[in-house]
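Data file: work-v1.cif. Format and content: mmCIF, C-alpha atoms.
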data_data
#
loop_
_atom_site.label_atom_id
_atom_site.label_comp_id
_atom_site.auth_asym_id
_atom_site.auth_seq_id
_atom_site.Cartn_x
_atom_site.Cartn_y
_atom_site.Cartn_z
CA MET P 1 -336.21 -48.59 -2.55
CA LYS P 2 -337.09 -45.18 -3.98
CA LYS P 3 -336.54 -42.34 -1.54
CA GLU P 4 -339.68 -40.32 -0.85
CA ARG P 5 -339.28 -36.68 -1.77
CA LYS P 6 -340.10 -33.79 0.52
CA GLU P 7 -343.14 -31.66 -0.21
CA ILE P 8 -344.41 -28.35 1.10
CA SER P 9 -347.94 -27.25 1.84
CA ASP P 10 -349.69 -24.18 3.19
CA SER P 11 -351.47 -23.74 6.51
CA VAL P 12 -354.65 -25.46 5.24
CA GLY P 13 -352.79 -28.40 3.73
CA ARG P 14 -352.76 -27.45 0.05
CA ARG P 15 -349.73 -29.08 -1.60
CA SER P 16 -347.40 -27.15 -3.87
CA LEU P 17 -347.30 -28.81 -7.29
CA LEU P 18 -344.13 -27.11 -8.48
CA GLY P 19 -341.25 -29.54 -8.24
CA MET P 20 -343.39 -32.57 -9.00
CA SER P 21 -342.34 -34.82 -11.87
CA ARG P 22 -344.78 -36.17 -14.45
CA GLU P 23 -345.13 -39.36 -12.45
CA GLU P 24 -345.76 -37.47 -9.21
CA LEU P 25 -348.38 -35.27 -10.86
CA GLU P 26 -350.07 -38.33 -12.36
CA ALA P 27 -350.26 -39.85 -8.87
CA PHE P 28 -351.64 -36.60 -7.48
CA VAL P 29 -354.45 -36.26 -10.02
CA THR P 30 -355.43 -39.92 -9.69
CA SER P 31 -355.74 -39.32 -5.92
CA LEU P 32 -358.38 -36.74 -6.87
CA GLY P 33 -360.22 -39.35 -8.95
CA GLU P 34 -358.96 -38.08 -12.32
CA PRO P 35 -357.23 -40.04 -15.11
CA ALA P 36 -353.42 -40.01 -15.12
CA TYR P 37 -353.15 -38.08 -18.38
CA ARG P 38 -354.44 -35.01 -16.56
CA GLY P 39 -351.19 -35.06 -14.58
CA ARG P 40 -349.22 -34.88 -17.81
CA GLN P 41 -351.31 -31.88 -18.85
CA VAL P 42 -350.58 -30.15 -15.54
CA TYR P 43 -346.86 -30.87 -15.97
CA GLU P 44 -346.94 -29.09 -19.33
CA TRP P 45 -348.89 -26.15 -17.92
CA LEU P 46 -346.52 -25.69 -14.99
CA TYR P 47 -343.18 -25.90 -16.76
CA LYS P 48 -343.55 -25.38 -20.51
CA LYS P 49 -346.49 -22.99 -20.57
CA ARG P 50 -345.41 -21.33 -17.29
CA ALA P 51 -348.96 -21.09 -15.91
CA THR P 52 -349.08 -18.98 -12.76
CA SER P 53 -352.53 -20.14 -11.64
CA PHE P 54 -354.89 -23.05 -12.16
CA ALA P 55 -357.35 -20.70 -13.88
CA GLU P 56 -354.89 -20.49 -16.79
CA MET P 57 -354.96 -24.28 -17.31
CA THR P 58 -357.80 -24.09 -19.82
CA SER P 59 -357.45 -27.68 -21.10
CA LEU P 60 -358.70 -28.80 -17.67
CA SER P 61 -362.39 -28.72 -16.81
CA GLN P 62 -363.71 -25.99 -14.53
CA PRO P 63 -364.61 -28.49 -11.77
CA LEU P 64 -361.06 -29.92 -11.87
CA ARG P 65 -359.52 -26.47 -11.70
CA GLN P 66 -361.73 -25.84 -8.68
CA GLN P 67 -360.43 -29.06 -7.11
CA PHE P 68 -356.88 -27.87 -7.68
CA ASP P 69 -357.63 -24.53 -6.04
CA GLU P 70 -358.96 -26.39 -3.00
CA ASN P 71 -356.15 -28.96 -2.77
CA ALA P 72 -353.03 -27.52 -4.37
CA LEU P 73 -350.84 -24.48 -4.98
CA SER P 74 -349.28 -23.39 -8.26
CA ARG P 75 -346.87 -21.02 -6.47
CA SER P 76 -345.40 -20.98 -2.96
CA LEU P 77 -342.98 -18.02 -2.86
CA THR P 78 -343.92 -14.42 -2.11
CA LEU P 79 -341.82 -11.54 -3.45
CA LEU P 80 -340.71 -9.40 -0.50
CA ASP P 81 -338.25 -7.01 -2.11
CA HIS P 82 -336.12 -6.41 -5.17
CA GLN P 83 -333.24 -4.14 -6.04
CA GLU P 84 -331.73 -3.01 -9.34
CA SER P 85 -328.09 -2.04 -9.79
CA THR P 86 -326.83 0.56 -12.21
CA ASP P 87 -325.09 -2.29 -14.07
CA GLY P 88 -328.41 -4.07 -14.64
CA THR P 89 -328.01 -6.70 -11.92
CA LEU P 90 -331.34 -7.50 -10.23
CA LYS P 91 -331.66 -8.96 -6.76
CA PHE P 92 -334.89 -10.59 -5.56
CA LEU P 93 -335.93 -11.56 -2.05
CA PHE P 94 -338.62 -14.21 -1.68
CA LYS P 95 -340.44 -15.50 1.39
CA THR P 96 -341.26 -19.21 1.72
CA LEU P 97 -344.58 -20.54 3.00
CA ASP P 98 -343.02 -21.07 6.43
CA GLY P 99 -341.66 -17.54 6.59
CA TYR P 100 -338.00 -17.87 5.59
CA ASN P 101 -336.20 -15.49 3.23
CA VAL P 102 -334.24 -16.62 0.17
CA GLU P 103 -332.46 -14.65 -2.53
CA SER P 104 -332.03 -14.91 -6.28
CA VAL P 105 -329.80 -12.66 -8.38
CA LEU P 106 -330.15 -12.05 -12.12
CA ILE P 107 -326.89 -11.00 -13.77
CA PRO P 108 -326.92 -9.78 -17.39
CA SER P 109 -323.73 -10.33 -19.35
CA GLU P 110 -321.66 -7.37 -20.45
CA ALA P 111 -321.46 -8.85 -23.96
CA ARG P 112 -324.30 -7.60 -26.17
CA ASP P 113 -326.09 -8.96 -29.24
CA ASP P 114 -327.02 -7.07 -32.41
CA GLN P 115 -330.03 -5.51 -30.65
CA ASP P 116 -327.80 -4.31 -27.79
CA GLU P 117 -329.38 -6.87 -25.43
CA PRO P 118 -327.30 -9.02 -23.05
CA LYS P 119 -326.18 -12.24 -24.74
CA ARG P 120 -326.72 -14.10 -21.47
CA ARG P 121 -328.97 -13.62 -18.48
CA THR P 122 -327.62 -15.72 -15.64
CA LEU P 123 -329.75 -16.43 -12.59
CA CYS P 124 -327.95 -17.28 -9.35
CA ILE P 125 -330.37 -19.37 -7.29
CA SER P 126 -330.43 -20.55 -3.68
CA SER P 127 -330.65 -24.17 -2.56
CA GLN P 128 -330.86 -23.74 1.23
CA VAL P 129 -332.18 -21.20 3.74
CA GLY P 130 -328.88 -20.13 5.26
CA CYS P 131 -325.86 -22.43 5.17
CA PRO P 132 -324.09 -24.75 7.65
CA LEU P 133 -320.55 -24.45 6.29
CA ASP P 134 -319.41 -21.20 7.95
CA CYS P 135 -317.16 -19.98 5.12
CA LYS P 136 -315.54 -16.87 6.58
CA PHE P 137 -316.06 -14.68 3.50
CA CYS P 138 -319.77 -15.45 3.08
CA ALA P 139 -322.61 -13.37 4.51
CA THR P 140 -325.02 -16.31 4.33
CA ALA P 141 -322.86 -18.17 6.84
CA SER P 142 -323.96 -15.75 9.56
CA MET P 143 -327.55 -16.98 9.12
CA LYS P 144 -326.62 -20.60 9.89
CA LEU P 145 -328.75 -23.33 8.30
CA LYS P 146 -332.52 -23.09 8.69
CA ARG P 147 -333.55 -25.80 6.23
CA ASN P 148 -333.07 -27.18 2.74
CA LEU P 149 -335.21 -25.80 -0.06
CA VAL P 150 -337.35 -28.33 -1.90
CA ALA P 151 -337.16 -28.72 -5.66
CA GLY P 152 -340.30 -26.64 -6.23
CA GLU P 153 -338.86 -23.67 -4.34
CA ILE P 154 -335.68 -23.91 -6.40
CA LEU P 155 -337.60 -24.08 -9.67
CA GLU P 156 -339.94 -21.29 -8.65
CA GLN P 157 -337.07 -18.84 -8.26
CA HIS P 158 -336.41 -19.23 -11.98
CA LEU P 159 -340.07 -19.06 -13.01
CA ARG P 160 -340.86 -16.05 -10.84
CA VAL P 161 -337.84 -14.05 -11.99
CA GLU P 162 -338.72 -14.71 -15.64
CA GLU P 163 -342.26 -13.50 -14.93
CA LEU P 164 -341.01 -10.40 -13.13
CA VAL P 165 -338.50 -9.26 -15.76
CA GLY P 166 -340.35 -10.49 -18.85
CA GLU P 167 -337.16 -11.97 -20.32
CA ARG P 168 -335.89 -15.50 -20.80
CA ILE P 169 -333.15 -16.68 -18.45
CA THR P 170 -330.37 -18.30 -20.47
CA ASN P 171 -328.08 -19.67 -17.73
CA LEU P 172 -328.48 -20.98 -14.18
CA VAL P 173 -325.89 -21.20 -11.41
CA TYR P 174 -326.53 -22.87 -8.07
CA MET P 175 -324.33 -20.37 -6.26
CA GLY P 176 -326.83 -18.52 -4.09
CA MET P 177 -327.59 -19.14 -0.44
CA GLY P 178 -326.58 -22.60 0.77
CA GLU P 179 -324.38 -25.52 -0.30
CA PRO P 180 -326.15 -27.35 -3.16
CA MET P 181 -324.30 -30.62 -2.59
CA LEU P 182 -325.72 -30.85 0.94
CA ASN P 183 -329.21 -30.80 -0.61
CA TYR P 184 -328.32 -33.23 -3.36
CA ASP P 185 -331.65 -34.98 -3.93
CA GLU P 186 -333.77 -31.84 -4.19
CA VAL P 187 -331.16 -29.95 -6.22
CA PHE P 188 -330.83 -32.66 -8.84
CA HIS P 189 -334.56 -33.30 -8.93
CA SER P 190 -334.91 -29.63 -9.89
CA VAL P 191 -332.11 -30.04 -12.43
CA ARG P 192 -333.94 -32.90 -14.13
CA ILE P 193 -337.06 -30.75 -14.54
CA PHE P 194 -335.02 -27.75 -15.73
CA THR P 195 -333.29 -29.90 -18.35
CA ASP P 196 -336.31 -31.88 -19.58
CA PRO P 197 -336.36 -30.92 -23.29
CA ALA P 198 -340.18 -30.87 -23.21
CA ASN P 199 -340.11 -27.94 -20.77
CA ASP P 200 -337.86 -25.57 -22.74
CA LEU P 201 -336.41 -24.14 -19.52
CA VAL P 202 -332.59 -24.32 -19.38
CA PRO P 203 -330.35 -26.91 -21.09
CA ALA P 204 -327.83 -28.87 -19.02
CA SER P 205 -324.93 -27.18 -20.81
CA ARG P 206 -326.01 -23.86 -19.28
CA ILE P 207 -326.44 -25.00 -15.68
CA THR P 208 -323.60 -24.98 -13.12
CA ILE P 209 -323.57 -26.55 -9.67
CA SER P 210 -321.08 -24.88 -7.32
CA THR P 211 -319.74 -26.71 -4.27
CA SER P 212 -317.35 -25.78 -1.48
CA GLY P 213 -315.97 -29.29 -1.65
CA VAL P 214 -318.50 -31.93 -0.51
CA VAL P 215 -316.43 -34.86 -1.76
CA PRO P 216 -319.04 -37.67 -1.57
CA SER P 217 -321.55 -35.60 -3.56
CA ILE P 218 -318.98 -34.75 -6.25
CA LYS P 219 -318.38 -38.46 -6.73
CA ARG P 220 -322.11 -39.18 -6.66
CA MET P 221 -322.68 -36.53 -9.32
CA ALA P 222 -320.14 -38.35 -11.50
CA ASP P 223 -321.65 -41.78 -10.80
CA ASP P 224 -325.16 -40.50 -11.54
CA GLY P 225 -324.04 -39.19 -14.92
CA GLU P 226 -325.41 -35.71 -14.29
CA ARG P 227 -324.79 -33.55 -17.36
CA VAL P 228 -324.64 -30.11 -15.74
CA LYS P 229 -321.36 -28.30 -15.10
CA LEU P 230 -319.34 -28.54 -11.89
CA ALA P 231 -317.65 -25.59 -10.19
CA ILE P 232 -315.36 -25.87 -7.16
CA SER P 233 -315.33 -23.00 -4.66
CA LEU P 234 -311.59 -23.22 -3.93
CA HIS P 235 -310.30 -19.71 -3.07
CA VAL P 236 -307.00 -20.73 -1.42
CA THR P 237 -304.32 -23.27 -2.32
CA THR P 238 -302.97 -24.49 1.04
CA ASN P 239 -304.71 -26.56 3.70
CA GLY P 240 -303.70 -24.18 6.49
CA ASP P 241 -305.37 -21.17 4.90
CA ARG P 242 -308.35 -23.18 3.63
CA ASP P 243 -308.90 -24.66 7.10
CA ARG P 244 -309.25 -21.14 8.47
CA LEU P 245 -311.25 -19.73 5.58
CA MET P 246 -313.48 -22.73 4.79
CA PRO P 247 -313.94 -25.15 7.70
CA ILE P 248 -315.21 -27.87 5.35
CA ASN P 249 -311.53 -28.33 4.43
CA ARG P 250 -310.98 -29.94 7.84
CA LYS P 251 -313.29 -32.76 6.73
CA PHE P 252 -312.29 -32.91 3.05
CA ASP P 253 -308.84 -31.38 2.55
CA ILE P 254 -307.40 -30.20 -0.74
CA ALA P 255 -305.84 -33.58 -1.56
CA GLU P 256 -309.19 -35.36 -1.06
CA LEU P 257 -310.96 -32.67 -3.03
CA MET P 258 -308.53 -33.01 -5.94
CA ASP P 259 -308.92 -36.78 -5.88
CA ALA P 260 -312.70 -36.29 -6.16
CA VAL P 261 -312.24 -33.83 -9.04
CA GLU P 262 -310.04 -36.33 -10.88
CA TYR P 263 -312.61 -39.08 -10.22
CA TYR P 264 -315.32 -36.79 -11.61
CA TYR P 265 -313.32 -36.05 -14.74
CA ARG P 266 -312.43 -39.72 -15.37
CA LYS P 267 -316.12 -40.66 -15.17
CA THR P 268 -317.58 -37.72 -17.11
CA ARG P 269 -314.76 -36.27 -19.24
CA ARG P 270 -316.17 -32.86 -18.35
CA PRO P 271 -313.89 -29.94 -17.41
CA VAL P 272 -314.38 -28.11 -14.11
CA THR P 273 -314.27 -24.49 -13.03
CA TYR P 274 -312.39 -23.30 -9.94
CA GLU P 275 -313.83 -20.24 -8.24
CA TYR P 276 -311.24 -18.01 -6.64
CA ILE P 277 -312.20 -14.91 -4.64
CA LEU P 278 -309.14 -12.67 -4.48
CA PHE P 279 -308.28 -11.30 -1.02
CA ASP P 280 -305.64 -8.71 -0.30
CA GLY P 281 -302.50 -10.36 1.10
CA LEU P 282 -304.10 -13.76 1.68
CA ASN P 283 -304.21 -15.63 -1.63
CA ASP P 284 -302.72 -13.25 -4.20
CA SER P 285 -298.99 -14.09 -4.14
CA PRO P 286 -296.81 -15.57 -6.92
CA GLU P 287 -296.68 -18.79 -4.86
CA ASP P 288 -300.50 -18.91 -4.89
CA VAL P 289 -300.43 -18.50 -8.66
CA ARG P 290 -298.02 -21.39 -9.09
CA ARG P 291 -300.00 -23.70 -6.77
CA LEU P 292 -303.27 -22.77 -8.47
CA ALA P 293 -301.74 -23.41 -11.89
CA ARG P 294 -300.62 -26.88 -10.77
CA ILE P 295 -304.14 -27.64 -9.57
CA THR P 296 -305.65 -26.61 -12.91
CA ARG P 297 -303.32 -28.94 -14.80
CA ARG P 298 -304.64 -32.05 -13.04
CA VAL P 299 -307.79 -32.05 -15.20
CA PRO P 300 -308.98 -29.71 -17.97
CA SER P 301 -310.25 -26.67 -16.12
CA LYS P 302 -310.48 -22.91 -15.91
CA VAL P 303 -310.36 -20.38 -13.06
CA ASN P 304 -313.05 -17.82 -12.37
CA VAL P 305 -311.38 -14.94 -10.46
CA ILE P 306 -313.94 -13.07 -8.36
CA PRO P 307 -313.78 -9.70 -6.59
CA PHE P 308 -314.56 -9.85 -2.86
CA HIS P 309 -317.74 -8.15 -1.66
CA PRO P 310 -317.04 -7.11 1.96
CA ILE P 311 -319.40 -8.42 4.65
CA ASP P 312 -318.88 -5.72 7.28
CA PHE P 313 -322.66 -5.52 7.84
CA THR P 314 -322.48 -8.95 9.57
CA GLU P 315 -320.10 -7.48 12.19
CA PRO P 316 -317.45 -10.12 11.42
CA THR P 317 -314.82 -11.29 13.88
CA GLY P 318 -311.63 -13.33 13.60
CA ILE P 319 -310.34 -13.99 10.11
CA SER P 320 -313.61 -12.70 8.62
CA ALA P 321 -312.77 -9.22 9.92
CA GLU P 322 -309.32 -9.41 8.31
CA LEU P 323 -310.57 -10.03 4.77
CA HIS P 324 -310.27 -7.17 2.29
CA PRO P 325 -310.60 -6.98 -1.50
CA ALA P 326 -307.42 -7.01 -3.52
CA SER P 327 -306.75 -3.64 -5.15
CA PRO P 328 -307.63 -3.30 -8.84
CA GLU P 329 -303.90 -3.22 -9.64
CA ARG P 330 -303.24 -6.41 -7.66
CA PHE P 331 -306.32 -8.05 -9.17
CA ASN P 332 -305.10 -7.41 -12.72
CA TYR P 333 -301.53 -8.42 -11.83
CA PHE P 334 -302.77 -11.74 -10.41
CA ILE P 335 -304.78 -12.46 -13.55
CA GLY P 336 -301.76 -11.68 -15.72
CA MET P 337 -299.57 -14.05 -13.69
CA LEU P 338 -302.14 -16.85 -14.09
CA GLN P 339 -302.32 -16.30 -17.83
CA ARG P 340 -298.55 -16.44 -18.11
CA GLU P 341 -298.76 -19.85 -16.41
CA GLY P 342 -301.08 -20.98 -19.20
CA VAL P 343 -304.22 -20.98 -17.04
CA GLN P 344 -307.54 -20.29 -18.73
CA VAL P 345 -308.96 -17.37 -16.75
CA MET P 346 -312.40 -15.81 -16.55
CA VAL P 347 -312.99 -12.61 -14.62
CA ARG P 348 -316.22 -12.16 -12.68
CA SER P 349 -317.26 -8.51 -12.73
CA SER P 350 -318.33 -6.81 -9.50
CA SER P 351 -322.01 -7.12 -10.33
CA GLY P 352 -324.43 -5.28 -8.07
CA VAL P 353 -321.89 -3.47 -5.91
CA ASP P 354 -324.26 -0.52 -5.45
CA ILE P 355 -327.02 -2.71 -3.97
CA ASP P 356 -326.95 -5.43 -1.29
CA ALA P 357 -324.33 -7.28 -3.29
CA ALA P 358 -323.05 -9.94 -0.89
CA CYS P 359 -324.90 -13.25 -0.96
CA GLY P 360 -327.46 -13.24 1.84
CA GLN P 361 -327.19 -9.52 2.52
CA LEU P 362 -330.72 -8.60 1.49
CA ALA P 363 -332.19 -11.54 3.42
CA ILE P 364 -330.19 -10.65 6.54
CA ARG P 365 -331.20 -7.00 6.33
CA HIS P 366 -334.89 -7.93 6.14
CA GLU P 367 -334.56 -10.32 9.08
CA ALA P 368 -332.94 -7.53 11.12
CA ILE P 369 -335.77 -5.13 10.25
CA LEU P 370 -338.34 -7.75 11.23
CA LEU P 371 -336.67 -8.40 14.57
CA ALA P 372 -336.37 -4.69 15.29
CA SER P 373 -340.10 -4.22 14.71
CA LYS P 374 -341.12 -6.84 17.28
#

Translate the structure described by the file into structure tokens.
Amino acid sequence: MKKERKEISDSVGRRSLLGMSREELEAFVTSLGEPAYRGRQVYEWLYKKRATSFAEMTSLSQPLRQQFDENALSRSLTLLDHQESTDGTLKFLFKTLDGYNVESVLIPSEARDDQDEPKRRTLCISSQVGCPLDCKFCATASMKLKRNLVAGEILEQHLRVEELVGERITNLVYMGMGEPMLNYDEVFHSVRIFTDPANDLVPASRITISTSGVVPSIKRMADDGERVKLAISLHVTTNGDRDRLMPINRKFDIAELMDAVEYYYRKTRRPVTYEYILFDGLNDSPEDVRRLARITRRVPSKVNVIPFHPIDFTEPTGISAELHPASPERFNYFIGMLQREGVQVMVRSSSGVDIDAACGQLAIRHEAILLASK
């Protein structure tokens, strides 16, 4: 039995069409008394032609466009704020129809083409409002989970940012607010629309799903034959430290997580990426390097070493208050040790450090302002 997807609508009951598949749009237009092929036209207008309103859908009759205005929405997110870093990173804050705040971050690559333009523009998108996992280094964790985003809200982040900057987005990472694997159905429904060749949005080879270690969803991703990339938010190499830093480890420990990664690789033959935020004195020792190197040898993989963006603005307590970035010297030393172990290493630059850089920071700041005004 096919699972019914979630939809969103405004206060007068108009349904958001973004996130609907061809088949869903065909069903919607037939409910308005129109032939099914009109749904296929709307699908093309929404995703390939990037129409921002029904008025732009000129292959539809004026009466039909009027019907759409009365019964549907072409957009559901409102831009609340944006910030631009000196390094070109752009952060956007959107409000959902039901009043929640979600963030998207556009990160241009440092590598440049012949016209001195970034070779890649990577958009980090959110999949939930808040997050239930309580990772101690993450600002979003302080928001707790409000709700999952639906596929249309995930897709709209991409479409709206492209409209706002006037440039094509080349890469997508589901690494914003929330745990994508706890919103599996909506996340992968959005992925299927992103990767539909007819839409010319983002190919599967340039989309990455990042998970903190939701083992059943990693296996499901393998079984479903999803073609996008998998990244594991690992950060520490022992269960004791990971239990404290990432409570999900108490449910799926490192051994179970590695079993799931091996299962994924056997089914897909696709390499994985391990994300590793470097903390001063916590996970930066030679022993950590050796354990991490052993992990990377289990399946073809690489390690993305990431600078820590402090979350002092959340007034952290416990281990969260003890977390500090590794010094630049220690950071470079750690990378060198990994490379000597034969590990393929990527280094994430400290993008957006002069703006609200930590994931969730801009959303939290706006919520605080709103509460203070009441």

(request) Between atom CA of Arg266 of chain P and atom CA of Ile306 of chain P, measure the distance and give it in Å to one decimal. (result) 27.6 Å

(message) What does the structure give for the distance between atom CA of Leu32 of chain P and atom CA of Tyr47 of chain P, in Å to one decimal?
(response) 21.1 Å

(request) Evaluate the PyMOL selection byres ((chain P and resi 163-173) around 7) and record the selected residues as a VMD selection string, following the chain and residue labels used in the document. (result) chain P and resid 120 to 125 159 to 162 174 to 175 202 206 to 209

(request) Tell me, as a PyMOL selection string, which residues lie within 8 Å of segment 227-237 of chain P, counting all atoms listed in the file; anything in the same chain fewer than 5 positions away does not count. (result) chain P and resi 204-213+242+254+270-278+283+288+291-292

(request) May I ask for the distance between atom CA of Leu323 of chain P and atom CA of Phe279 of chain P, given in Å to one decimal place? (result) 6.4 Å

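The environment of Ile154 of chain P within 10 Å, counting all atoms listed in the file and disregarding residues fewer than 3 places along the same chain, consists of Leu18, Gly19, Val102, Ser104, Ile125, Ser126, Ser127, Gln128, Leu149, Val150, Ala151, Gln157, His158, Leu159, Tyr174, Glu186, Val187, His189, Ser190 and Val191 of chain P.
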
(message) Residues within 12 Å of Gln339 of chain P, please, as a PyMOL selection string. Count all atoms listed in the file; anything in the same chain fewer than 5 positions from it doesn't count.
(response) chain P and resi 289-290+292-293+296+302-303+305+332-334+344-347

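In this comparison, which uses all atoms listed in the file, the residue of P:Lys136, P:Leu77, P:Leu25, P:Glu44 approaching Asp196 of chain P most closely is P:Glu44.
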
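Closest approach to Leu133 of chain P among P:Thr317, P:Asp69, P:Leu245, P:Arg40 is made by P:Leu245 (distances from only C-alpha atoms).
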
Env of Leu90 of chain P: 8 Å cut, atoms = only C-alpha atoms, seq-sep filter 5 positions within chain, self excluded. Answer as an mmCIF file with C-alpha atoms, in the frame of the given file.
data_model
loop_
_atom_site.group_PDB
_atom_site.id
_atom_site.type_symbol
_atom_site.label_atom_id
_atom_site.label_comp_id
_atom_site.auth_asym_id
_atom_site.auth_seq_id
_atom_site.Cartn_x
_atom_site.Cartn_y
_atom_site.Cartn_z
ATOM 1 C CA HIS P 82 -336.120 -6.410 -5.170
ATOM 2 C CA GLN P 83 -333.240 -4.140 -6.040
ATOM 3 C CA GLU P 84 -331.730 -3.010 -9.340
ATOM 4 C CA SER P 85 -328.090 -2.040 -9.790
ATOM 5 C CA VAL P 105 -329.800 -12.660 -8.380
ATOM 6 C CA LEU P 106 -330.150 -12.050 -12.120
ATOM 7 C CA ILE P 107 -326.890 -11.000 -13.770
ATOM 8 C CA GLY P 352 -324.430 -5.280 -8.070
#

(message) At a cut-off of 12 Å, using all atoms listed in the file, what residues contact Asn148 of chain P? Leave out same-chain residues fewer than 2 positions from it and give the result as a PyMOL selection string.
(response) chain P and resi 6-8+96+100+102+126-132+144-146+150-154+177-187
